[in-house]
file final.txt (compact mmCIF, C-alpha atoms and all ligand atoms)
# COMPACT_ATOMS: atom_id res chain seq x y z
CA MET A 16 6.48 61.27 12.57
CA GLY A 17 9.00 61.62 15.45
CA ASP A 18 12.34 59.81 15.50
CA ALA A 19 11.10 57.24 18.01
CA ALA A 20 8.05 56.43 15.91
CA ARG A 21 10.17 56.21 12.78
CA ALA A 22 12.60 53.84 14.54
CA ALA A 23 9.73 51.70 15.72
CA THR A 24 8.27 51.53 12.23
CA HIS A 25 11.64 50.59 10.87
CA ALA A 26 12.09 47.86 13.48
CA ALA A 27 8.66 46.42 12.66
CA PHE A 28 9.53 46.44 8.98
CA VAL A 29 12.83 44.61 9.52
CA LEU A 30 11.10 42.08 11.76
CA THR A 31 8.47 41.41 9.09
CA LEU A 32 11.19 40.82 6.52
CA LEU A 33 12.96 38.41 8.84
CA LEU A 34 9.76 36.48 9.45
CA LEU A 35 9.03 36.29 5.74
CA ALA A 36 12.57 35.12 5.02
CA THR A 37 12.44 32.29 7.59
CA PRO A 38 11.16 29.14 5.90
CA ALA A 39 8.21 27.69 7.84
CA ARG A 40 9.33 24.43 9.39
CA ALA A 41 7.16 21.92 7.58
CA ASP A 42 6.71 19.72 10.64
CA GLU A 43 5.05 22.56 12.58
CA VAL A 44 1.97 21.93 10.46
CA PRO A 45 -0.23 18.97 11.47
CA LEU A 46 -0.78 16.37 8.75
CA THR A 47 -4.56 16.59 9.19
CA SER A 48 -7.08 19.26 10.17
CA THR A 49 -8.67 16.95 12.77
CA PRO A 50 -6.74 17.31 16.05
CA GLY A 51 -4.99 14.15 17.26
CA ASP A 52 -6.89 11.84 19.59
CA ALA A 53 -4.58 10.82 22.43
CA ARG A 54 -6.70 7.79 23.38
CA ASN A 55 -6.46 6.36 19.90
CA GLY A 56 -2.77 7.24 19.84
CA ARG A 57 -2.20 5.19 22.97
CA ALA A 58 -4.01 2.24 21.37
CA ILE A 59 -1.77 2.48 18.29
CA VAL A 60 1.40 2.64 20.39
CA ALA A 61 0.28 -0.33 22.50
CA ASP A 62 -0.68 -2.45 19.48
CA ARG A 63 2.21 -4.53 18.23
CA THR A 64 0.62 -5.04 14.84
CA ARG A 65 0.07 -1.32 14.15
CA GLY A 66 2.55 0.90 15.93
CA LEU A 67 5.25 -1.66 16.71
CA CYS A 68 6.62 0.98 19.07
CA LEU A 69 6.91 -1.40 22.03
CA LEU A 70 9.16 -3.74 20.07
CA CYS A 71 11.90 -1.18 20.68
CA HIS A 72 10.57 1.27 23.28
CA SER A 73 9.04 0.92 26.71
CA GLY A 74 6.32 3.22 27.98
CA PRO A 75 3.69 3.69 30.69
CA ILE A 76 1.45 0.96 29.24
CA PRO A 77 1.30 -1.53 32.12
CA GLU A 78 -1.00 -4.03 30.37
CA GLU A 79 1.75 -4.75 27.80
CA ARG A 80 4.13 -7.07 29.60
CA PHE A 81 6.74 -7.31 26.90
CA GLN A 82 8.33 -4.02 26.03
CA GLY A 83 11.50 -3.17 24.19
CA ASN A 84 14.82 -1.84 25.41
CA LEU A 85 16.48 -0.95 22.10
CA ALA A 86 15.40 2.68 22.33
CA PRO A 87 14.81 5.35 24.99
CA PRO A 88 11.60 4.93 27.05
CA LEU A 89 8.66 6.90 25.70
CA ASP A 90 7.97 8.12 29.25
CA GLY A 91 8.49 11.88 29.43
CA ALA A 92 8.39 12.31 25.63
CA GLY A 93 5.92 15.20 26.11
CA LEU A 94 8.45 16.97 28.34
CA ARG A 95 11.36 16.49 25.98
CA TRP A 96 9.78 17.18 22.60
CA SER A 97 7.35 19.55 20.92
CA ALA A 98 4.60 18.34 18.59
CA ALA A 99 6.72 19.40 15.60
CA GLU A 100 9.76 17.48 16.86
CA LEU A 101 7.67 14.38 17.43
CA ARG A 102 6.19 14.76 13.94
CA THR A 103 9.66 14.90 12.37
CA ARG A 104 10.68 11.82 14.29
CA LEU A 105 7.56 9.80 13.38
CA VAL A 106 7.16 10.87 9.77
CA ASP A 107 10.77 10.22 8.84
CA GLY A 108 13.27 10.03 11.69
CA LYS A 109 15.98 9.12 9.19
CA ARG A 110 16.22 12.84 8.45
CA LEU A 111 17.60 13.26 11.98
CA ASN A 112 19.66 10.11 12.06
CA PRO A 113 20.18 8.27 8.76
CA ASP A 114 21.34 5.17 10.64
CA SER A 115 18.31 4.99 12.92
CA ILE A 116 16.60 1.62 13.18
CA MET A 117 13.29 3.38 13.90
CA PRO A 118 10.92 3.01 10.92
CA SER A 119 9.83 6.10 8.99
CA TYR A 120 6.11 5.86 9.69
CA TYR A 121 4.86 8.28 7.09
CA ARG A 122 7.24 8.02 4.19
CA THR A 123 6.63 6.16 0.97
CA GLU A 124 9.50 7.39 -1.19
CA GLY A 125 12.96 5.91 -1.33
CA LEU A 126 12.08 2.70 0.51
CA HIS A 127 13.48 -0.62 -0.65
CA ARG A 128 12.14 -4.15 -0.46
CA VAL A 129 8.53 -3.10 0.16
CA ALA A 130 5.94 -5.85 -0.32
CA PRO A 131 3.82 -5.15 -3.43
CA ALA A 132 0.59 -4.76 -1.42
CA GLN A 133 2.26 -2.15 0.78
CA ARG A 134 3.94 -0.16 -1.97
CA GLY A 135 3.07 3.54 -1.81
CA ARG A 136 1.39 3.12 1.58
CA PRO A 137 2.90 4.64 4.71
CA ILE A 138 3.02 2.44 7.83
CA LEU A 139 0.58 4.73 9.63
CA ALA A 140 -2.09 6.98 8.12
CA ALA A 141 -1.82 10.75 8.58
CA GLN A 142 -4.53 10.79 11.27
CA GLU A 143 -2.82 7.94 13.12
CA ILE A 144 0.43 9.93 13.19
CA GLU A 145 -1.43 12.91 14.69
CA ASP A 146 -3.12 10.61 17.25
CA VAL A 147 0.26 9.16 18.30
CA ILE A 148 1.70 12.68 18.65
CA ALA A 149 -1.28 13.72 20.83
CA TYR A 150 -0.65 10.69 23.04
CA LEU A 151 3.12 11.24 23.31
CA LEU A 152 2.50 14.86 24.36
CA THR A 153 0.54 13.55 27.38
CA LEU A 154 3.61 11.61 28.61
CA ARG A 155 4.96 14.15 31.04
CA GLU A 156 6.63 11.91 33.59
CA GLU A 157 10.07 10.36 33.27
CA ALA A 158 10.37 6.59 33.50
CA PRO A 159 10.73 5.22 37.06
CA ARG A 160 14.31 4.19 37.80
C1 LIG B 1 12.76 -0.82 15.40
C2 LIG B 1 12.84 -0.04 16.61
C3 LIG B 1 11.90 1.13 16.83
C4 LIG B 1 10.52 1.19 16.64
C5 LIG B 1 9.62 0.10 16.12
C6 LIG B 1 10.13 2.52 17.06
N1 LIG B 1 11.20 3.24 17.47
FE1 LIG B 1 11.19 5.13 18.22
N2 LIG B 1 13.20 5.13 18.36
C7 LIG B 1 14.01 4.03 18.11
C8 LIG B 1 15.40 4.38 18.40
C9 LIG B 1 16.60 3.46 18.28
C10 LIG B 1 15.38 5.74 18.86
C11 LIG B 1 16.58 6.58 19.33
C12 LIG B 1 16.99 7.59 18.30
C13 LIG B 1 17.40 6.94 17.00
O1 LIG B 1 18.28 6.07 17.00
O2 LIG B 1 16.77 7.30 16.00
C14 LIG B 1 13.98 6.16 18.81
C15 LIG B 1 13.55 7.41 19.18
C16 LIG B 1 12.23 7.75 19.40
C17 LIG B 1 11.78 8.97 20.04
C18 LIG B 1 12.68 10.02 20.66
C19 LIG B 1 13.13 9.37 21.94
C20 LIG B 1 13.71 10.29 22.97
O3 LIG B 1 14.94 10.49 22.95
O4 LIG B 1 12.93 10.79 23.79
C21 LIG B 1 10.43 8.91 20.10
C22 LIG B 1 9.48 9.93 20.73
C23 LIG B 1 10.03 7.68 19.46
N3 LIG B 1 11.14 7.00 19.04
C24 LIG B 1 8.73 7.27 19.31
C25 LIG B 1 8.33 6.09 18.68
C26 LIG B 1 6.95 5.70 18.47
C27 LIG B 1 5.74 6.50 18.94
C28 LIG B 1 6.97 4.51 17.80
C29 LIG B 1 5.80 3.74 17.26
C30 LIG B 1 4.87 4.47 16.41
C31 LIG B 1 8.39 4.15 17.64
N4 LIG B 1 9.17 5.12 18.18
C32 LIG B 1 8.82 2.97 17.04
C33 LIG B 1 13.61 2.79 17.69
C34 LIG B 1 12.30 2.44 17.35

call {"tool": "encode", "arguments": {"input": "final.txt", "output": "C-alpha cells", "more": "lines below"}}
Ligand code: HEC
result
Amino acid sequence: MGDAARAATHAAFVLTLLLLATPARADEVPLTSTPGDARNGRAIVADRTRGLCLLCHSGPIPEERFQGNLAPPLDGAGLRWSAAELRTRLVDGKRLNPDSIMPSYYRTEGLHRVAPAQRGRPILAAQEIEDVIAYLLTLREEAPR
C-alpha cells in the first residue's frame, strides 16, 4: 500500500470512530414508521380541541378567524426548522426553554396536576406528532407583514 492509500485508509478509520462516538440525536428518528400526513397535521393544528396551537400561534389557516399572538407565527416554520428540531419542540419544548408556556405534546413524565383520566397519556399521539411535523415542514413562506 502506498503512502497516499495508507493515509486515506487512516482518515476513513478516524472518521468512522468519530461517527461512532457521536451520539445519535434522538429527535432525528421519527416517532412512528408511517410517514407524517401533512393534511392531517394541518387539521390537528387548526383544531382548538386537539392541537390548541392557534391559542398561542397564528398560521396560514384563513378559515380560523381567531388566532393567537403569544408566540411566533407558524408561517415559515419549514424554512426555519428541520424535522428533528420541530420534533424536539413538539415532544418536549421545555428541554429548549424550561420556562416556555408551550405544552410538551408528547411527554407523560414529570407533569403535575394531570387529570386522572389523562394520566400517562400524551396530549398528542405519536402519529399525530409526525403529522403535525409534516404539515409544519410545508410552511415555507414567512407571515405577511
Ligand atoms: C400555550 C401557548 C402555546 C401553544 C398552545 C403552542 N405553542 Fe408553540 N410556542 C409557544 C411559544 C411561547 C413559543 C416560543 C418559544 C418558547 O417560548 O418556547 C413557541 C414556539 C413554537 C415553534 C418555534 C417557533 C419559531 O420560532 O419558529 C413552533 C414550530 C411551535 N411553537 C409549534 C407549535 C405547534 C405546532 C403547536 C400545536 C401542536 C404549538 N406550537 C402550541 C407557545 C405555544

call {"tool": "atom_distance", "arguments": {"input": "final.txt", "atom1": "CA of Asp90 (chain A)", "atom2": "CA of Leu154 (chain A)"}}
result
5.6 Å

call {"tool": "closest_atom_pairs", "arguments": {"input": "final.txt", "of": "region 60-133 of chain A", "to": "region 43-46 of chain A", "cutoff": "9 Å", "atoms": "all atoms listed in the file", "output": "JSON lines"}}
result
{"residue": "A:Ala98", "atom": "CA", "partner": "A:Glu43", "partner_atom": "CA", "distance": 7.4}
{"residue": "A:Ala99", "atom": "CA", "partner": "A:Glu43", "partner_atom": "CA", "distance": 4.7}
{"residue": "A:Glu100", "atom": "CA", "partner": "A:Glu43", "partner_atom": "CA", "distance": 8.1}
{"residue": "A:Arg102", "atom": "CA", "partner": "A:Glu43", "partner_atom": "CA", "distance": 8.0}
{"residue": "A:Thr103", "atom": "CA", "partner": "A:Glu43", "partner_atom": "CA", "distance": 8.9}

call {"tool": "residues_near_ligand", "arguments": {"input": "final.txt", "ligand": "ligand LIG 1 (chain B)", "cutoff": "8 Å", "atoms": "all atoms listed in the file", "output": "ChimeraX atom specification"}}
result
/A:59-60,65-72,85-92,95-96,101,104-105,108-109,111-112,114-118,120,144,147-148,151

call {"tool": "residues_near_point", "arguments": {"input": "final.txt", "point": "(7.0, 5.2, 37.8)", "cutoff": "12 Å", "atoms": "all atoms listed in the file", "output": "PyMOL selection string"}}
result
chain A and resi 74-77+88+90-91+154-160

call {"tool": "atom_distance", "arguments": {"input": "final.txt", "atom1": "CA of Leu94 (chain A)", "atom2": "CA of Ala61 (chain A)"}}
result
20.0 Å

call {"tool": "atom_distance", "arguments": {"input": "final.txt", "atom1": "CA of Arg128 (chain A)", "atom2": "CA of Thr47 (chain A)"}}
result
28.3 Å

call {"tool": "closest_residue", "arguments": {"input": "final.txt", "among": "A:Asp42, A:Gln82, A:Ala140, A:Pro131", "to": "Arg110 (chain A)", "atoms": "all atoms listed in the file"}}
result
A:Asp42

call {"tool": "residues_around", "arguments": {"input": "final.txt", "residues": "Asp52 (chain A)", "least_positions_apart": "6", "cutoff": "9 Å", "atoms": "only C-alpha atoms", "output": "list of chain:residue names"}}
result
A:Gln142, A:Glu143, A:Glu145, A:Asp146, A:Val147, A:Ile148, A:Ala149, A:Tyr150

call {"tool": "closest_residue", "arguments": {"input": "final.txt", "among": "A:Leu30, A:Leu152, A:Val129, A:Ile138", "to": "Ser97 (chain A)", "atoms": "all atoms listed in the file"}}
result
A:Leu152

call {"tool": "closest_residue", "arguments": {"input": "final.txt", "among": "A:Ala23, A:Gly93, A:Gly125, A:Gly56", "to": "Asp107 (chain A)", "atoms": "only C-alpha atoms"}}
result
A:Gly125

call {"tool": "axis_aligned_box", "arguments": {"input": "final.txt", "around": "region 68-72 of chain A", "padding_each_side": "3 Å", "output": "JSON"}}
result
{"center_x": 9.3, "center_y": -1.2, "center_z": 21.2, "size_x": 11.3, "size_y": 11.0, "size_z": 10.2}

call {"tool": "closest_residue", "arguments": {"input": "final.txt", "among": "A:Glu78, A:Gly83, A:Ala22, A:Arg136", "to": "Ala58 (chain A)", "atoms": "only C-alpha atoms"}}
result
A:Glu78

call {"tool": "decode", "arguments": {"input": "final.txt", "residues": "region 93-109 of chain A", "atoms": "N, CA and C atoms", "output": "PDB file, in the first residue's frame"}}
result
ATOM      1  N   GLY A  93     -41.220  25.735   8.203  1.00  0.00           N
ATOM      2  CA  GLY A  93     -40.482  24.757   7.396  1.00  0.00           C
ATOM      3  C   GLY A  93     -39.197  25.328   6.819  1.00  0.00           C
ATOM      4  N   LEU A  94     -39.066  26.660   6.807  1.00  0.00           N
ATOM      5  CA  LEU A  94     -37.813  27.280   6.374  1.00  0.00           C
ATOM      6  C   LEU A  94     -36.838  27.368   7.548  1.00  0.00           C
ATOM      7  N   ARG A  95     -37.398  27.584   8.725  1.00  0.00           N
ATOM      8  CA  ARG A  95     -36.539  27.855   9.882  1.00  0.00           C
ATOM      9  C   ARG A  95     -36.049  26.590  10.567  1.00  0.00           C
ATOM     10  N   TRP A  96     -36.840  25.506  10.498  1.00  0.00           N
ATOM     11  CA  TRP A  96     -36.540  24.342  11.317  1.00  0.00           C
ATOM     12  C   TRP A  96     -36.506  23.063  10.493  1.00  0.00           C
ATOM     13  N   SER A  97     -35.678  22.118  10.959  1.00  0.00           N
ATOM     14  CA  SER A  97     -35.662  20.777  10.371  1.00  0.00           C
ATOM     15  C   SER A  97     -36.725  19.932  11.071  1.00  0.00           C
ATOM     16  N   ALA A  98     -36.998  18.756  10.503  1.00  0.00           N
ATOM     17  CA  ALA A  98     -37.955  17.843  11.137  1.00  0.00           C
ATOM     18  C   ALA A  98     -37.516  17.528  12.566  1.00  0.00           C
ATOM     19  N   ALA A  99     -36.222  17.292  12.759  1.00  0.00           N
ATOM     20  CA  ALA A  99     -35.734  16.933  14.100  1.00  0.00           C
ATOM     21  C   ALA A  99     -35.946  18.080  15.085  1.00  0.00           C
ATOM     22  N   GLU A 100     -35.694  19.307  14.619  1.00  0.00           N
ATOM     23  CA  GLU A 100     -35.877  20.468  15.512  1.00  0.00           C
ATOM     24  C   GLU A 100     -37.347  20.652  15.869  1.00  0.00           C
ATOM     25  N   LEU A 101     -38.217  20.422  14.889  1.00  0.00           N
ATOM     26  CA  LEU A 101     -39.652  20.537  15.173  1.00  0.00           C
ATOM     27  C   LEU A 101     -40.084  19.444  16.139  1.00  0.00           C
ATOM     28  N   ARG A 102     -39.492  18.242  15.977  1.00  0.00           N
ATOM     29  CA  ARG A 102     -39.844  17.126  16.869  1.00  0.00           C
ATOM     30  C   ARG A 102     -39.442  17.460  18.300  1.00  0.00           C
ATOM     31  N   THR A 103     -38.252  17.988  18.492  1.00  0.00           N
ATOM     32  CA  THR A 103     -37.806  18.369  19.839  1.00  0.00           C
ATOM     33  C   THR A 103     -38.797  19.347  20.449  1.00  0.00           C
ATOM     34  N   ARG A 104     -39.171  20.326  19.660  1.00  0.00           N
ATOM     35  CA  ARG A 104     -40.039  21.401  20.132  1.00  0.00           C
ATOM     36  C   ARG A 104     -41.431  20.872  20.514  1.00  0.00           C
ATOM     37  N   LEU A 105     -41.951  19.933  19.687  1.00  0.00           N
ATOM     38  CA  LEU A 105     -43.306  19.434  19.942  1.00  0.00           C
ATOM     39  C   LEU A 105     -43.324  18.395  21.062  1.00  0.00           C
ATOM     40  N   VAL A 106     -42.351  17.505  21.046  1.00  0.00           N
ATOM     41  CA  VAL A 106     -42.351  16.427  22.037  1.00  0.00           C
ATOM     42  C   VAL A 106     -42.195  17.022  23.431  1.00  0.00           C
ATOM     43  N   ASP A 107     -41.202  17.874  23.577  1.00  0.00           N
ATOM     44  CA  ASP A 107     -40.963  18.458  24.898  1.00  0.00           C
ATOM     45  C   ASP A 107     -40.108  19.710  24.761  1.00  0.00           C
ATOM     46  N   GLY A 108     -40.741  20.818  24.375  1.00  0.00           N
ATOM     47  CA  GLY A 108     -40.022  22.063  24.159  1.00  0.00           C
ATOM     48  C   GLY A 108     -39.373  22.609  25.421  1.00  0.00           C
ATOM     49  N   LYS A 109     -39.792  22.086  26.579  1.00  0.00           N
ATOM     50  CA  LYS A 109     -39.211  22.559  27.840  1.00  0.00           C
ATOM     51  C   LYS A 109     -37.723  22.202  27.931  1.00  0.00           C
TER      52      LYS A 109
END
